Amino acid sequence: MILRGGVLPAIFPEAPVPMPSENSLQSPAITAQVTVTRDSPEDVQTRQIFVLLDGDRKGELLFGDEISFPVSAGHHIIRVDNTWNHKDLAVDINVGDDLHFLTKSTAGQFSKFLLVALGAGPIYVSIEPAAPRQPS
């Protein structure tokens, strides 16, 4: 390879390299979808909530956010974690499922007092099945 002007020539494959099939939404391994929403009026609207599927981080939700991701059929663990505590939800997913969940961070009465007085306190996270949302 000859350098011209100190720059390496661009190297392009002769044909486009296809996406690995396991990463494609058309992959036979991807057979369902999971959506997690964080918009409950009971949410204290502080701290982010991390969403994990089988230990793999899928995203981070602030209040009002939603995340959807493809999932293969089978048994899975969905974890939500607000860095104060976490909750795990075991789900069995079937081909064609479009599952929806609601997550929220909540505080008890004493926690609310601590949040007001000190600006910090224990905030608990939860996840529960939810009805699909109608597009707005």
# chains A, B, ... in the order shown; residues from 1 in each chain; ligands from 1
$ residues_around --residues "Asp92 (chain A)" --least-positions-apart "6" --cutoff "7 Å" --atoms "only C-alpha atoms" --output "PyMOL selection string"
chain A and resi 74-76
$ write_last_selection --atoms "C-alpha atoms" --output "short mmCIF file (atom, residue, chain, number, x, y, z; two decimals), in the first residue's frame"
data_model
loop_
_atom_site.label_atom_id
_atom_site.label_comp_id
_atom_site.auth_asym_id
_atom_site.auth_seq_id
_atom_site.Cartn_x
_atom_site.Cartn_y
_atom_site.Cartn_z
CA GLY A 74 -38.62 -17.88 25.96
CA HIS A 75 -38.14 -17.15 29.65
CA HIS A 76 -36.61 -13.74 30.44
#
$ residues_around --residues "region 42-52 of chain A" --least-positions-apart "2" --cutoff "6 Å" --atoms "only C-alpha atoms" --output "number ranges by chain"
A: 40, 55-63, 78-82, 104-106
$ write_last_selection --atoms "C-alpha atoms" --output "mmCIF file, in the first residue's frame"
data_model
loop_
_atom_site.group_PDB
_atom_site.id
_atom_site.type_symbol
_atom_site.label_atom_id
_atom_site.label_comp_id
_atom_site.auth_asym_id
_atom_site.auth_seq_id
_atom_site.Cartn_x
_atom_site.Cartn_y
_atom_site.Cartn_z
ATOM 1 C CA SER A 40 -47.202 7.175 36.231
ATOM 2 C CA GLY A 55 -28.643 -8.665 32.554
ATOM 3 C CA ASP A 56 -28.119 -6.694 29.310
ATOM 4 C CA ARG A 57 -28.783 -2.980 29.688
ATOM 5 C CA LYS A 58 -31.431 -1.865 27.199
ATOM 6 C CA GLY A 59 -31.762 1.772 28.185
ATOM 7 C CA GLU A 60 -32.365 4.454 30.783
ATOM 8 C CA LEU A 61 -35.724 6.086 31.471
ATOM 9 C CA LEU A 62 -36.389 9.517 32.899
ATOM 10 C CA PHE A 63 -39.941 10.503 33.775
ATOM 11 C CA ILE A 78 -36.722 -7.802 33.089
ATOM 12 C CA ARG A 79 -34.952 -5.731 35.746
ATOM 13 C CA VAL A 80 -35.601 -2.092 36.565
ATOM 14 C CA ASP A 81 -33.002 -0.352 38.720
ATOM 15 C CA ASN A 82 -33.047 3.240 40.019
ATOM 16 C CA LYS A 104 -42.092 3.977 38.458
ATOM 17 C CA SER A 105 -40.037 5.304 41.344
ATOM 18 C CA THR A 106 -42.085 5.938 44.479
#
$ residues_around --residues "Ala32 (chain A)" --least-positions-apart "6" --cutoff "12 Å" --atoms "only C-alpha atoms" --output "list in words"
Leu25, Gln26, Ser68, Phe69, Pro70, Val71, Ser72, Ala73, Gly74, His76, Asp92, Ile93, Asn94, Val95, Gly96, Asp97, Asp98, Leu99 and His100 of chain A
$ atom_distance --atom1 "CA of Asp39 (chain A)" --atom2 "CA of Ile67 (chain A)"
11.8 Å
$ atom_distance --atom1 "CA of Glu128 (chain A)" --atom2 "CA of Leu89 (chain A)"
8.1 Å
$ atom_distance --atom1 "CA of Val125 (chain A)" --atom2 "CA of Ile30 (chain A)"
28.1 Å
$ closest_residue --among "A:Pro132, A:Asp54, A:Thr37, A:Glu66" --to "Thr103 (chain A)" --atoms "only C-alpha atoms"
A:Thr37
$ closest_residue --among "A:Thr83, A:Asp65, A:Ile77, A:Phe101" --to "Ile127 (chain A)" --atoms "only C-alpha atoms"
A:Phe101
$ closest_residue --among "A:Pro122, A:Leu53, A:Asn85, A:Ala107" --to "Val34 (chain A)" --atoms "only C-alpha atoms"
A:Leu53
$ decode --residues "region 25-55 of chain A" --atoms "C-alpha atoms" --output "PDB file, in the first residue's frame"
ATOM      1  CA  LEU A  25     -35.592  -7.149  13.347  1.00  0.00           C
ATOM      2  CA  GLN A  26     -36.437  -9.661  10.598  1.00  0.00           C
ATOM      3  CA  SER A  27     -34.341 -12.311  12.338  1.00  0.00           C
ATOM      4  CA  PRO A  28     -36.231 -15.516  13.134  1.00  0.00           C
ATOM      5  CA  ALA A  29     -34.731 -15.250  16.656  1.00  0.00           C
ATOM      6  CA  ILE A  30     -36.539 -11.927  17.227  1.00  0.00           C
ATOM      7  CA  THR A  31     -40.160 -12.907  17.679  1.00  0.00           C
ATOM      8  CA  ALA A  32     -41.692 -10.442  20.147  1.00  0.00           C
ATOM      9  CA  GLN A  33     -41.436  -6.900  21.479  1.00  0.00           C
ATOM     10  CA  VAL A  34     -41.286  -5.459  24.989  1.00  0.00           C
ATOM     11  CA  THR A  35     -42.155  -1.832  25.806  1.00  0.00           C
ATOM     12  CA  VAL A  36     -41.429  -0.232  29.192  1.00  0.00           C
ATOM     13  CA  THR A  37     -43.003   3.162  29.968  1.00  0.00           C
ATOM     14  CA  ARG A  38     -42.346   5.552  32.859  1.00  0.00           C
ATOM     15  CA  ASP A  39     -45.174   8.078  33.134  1.00  0.00           C
ATOM     16  CA  SER A  40     -47.202   7.175  36.231  1.00  0.00           C
ATOM     17  CA  PRO A  41     -48.647  10.144  38.189  1.00  0.00           C
ATOM     18  CA  GLU A  42     -47.434   8.303  41.322  1.00  0.00           C
ATOM     19  CA  ASP A  43     -43.796   8.566  40.148  1.00  0.00           C
ATOM     20  CA  VAL A  44     -41.623  10.969  42.190  1.00  0.00           C
ATOM     21  CA  GLN A  45     -39.958  12.018  38.895  1.00  0.00           C
ATOM     22  CA  THR A  46     -36.422  11.854  40.265  1.00  0.00           C
ATOM     23  CA  ARG A  47     -33.571   9.457  39.506  1.00  0.00           C
ATOM     24  CA  GLN A  48     -33.229   7.582  36.273  1.00  0.00           C
ATOM     25  CA  ILE A  49     -34.436   3.996  35.939  1.00  0.00           C
ATOM     26  CA  PHE A  50     -32.236   1.530  34.072  1.00  0.00           C
ATOM     27  CA  VAL A  51     -33.990  -1.238  32.127  1.00  0.00           C
ATOM     28  CA  LEU A  52     -32.191  -4.558  31.710  1.00  0.00           C
ATOM     29  CA  LEU A  53     -33.197  -7.757  29.939  1.00  0.00           C
ATOM     30  CA  ASP A  54     -31.418 -10.879  31.177  1.00  0.00           C
ATOM     31  CA  GLY A  55     -28.643  -8.665  32.554  1.00  0.00           C
TER      32      GLY A  55
END
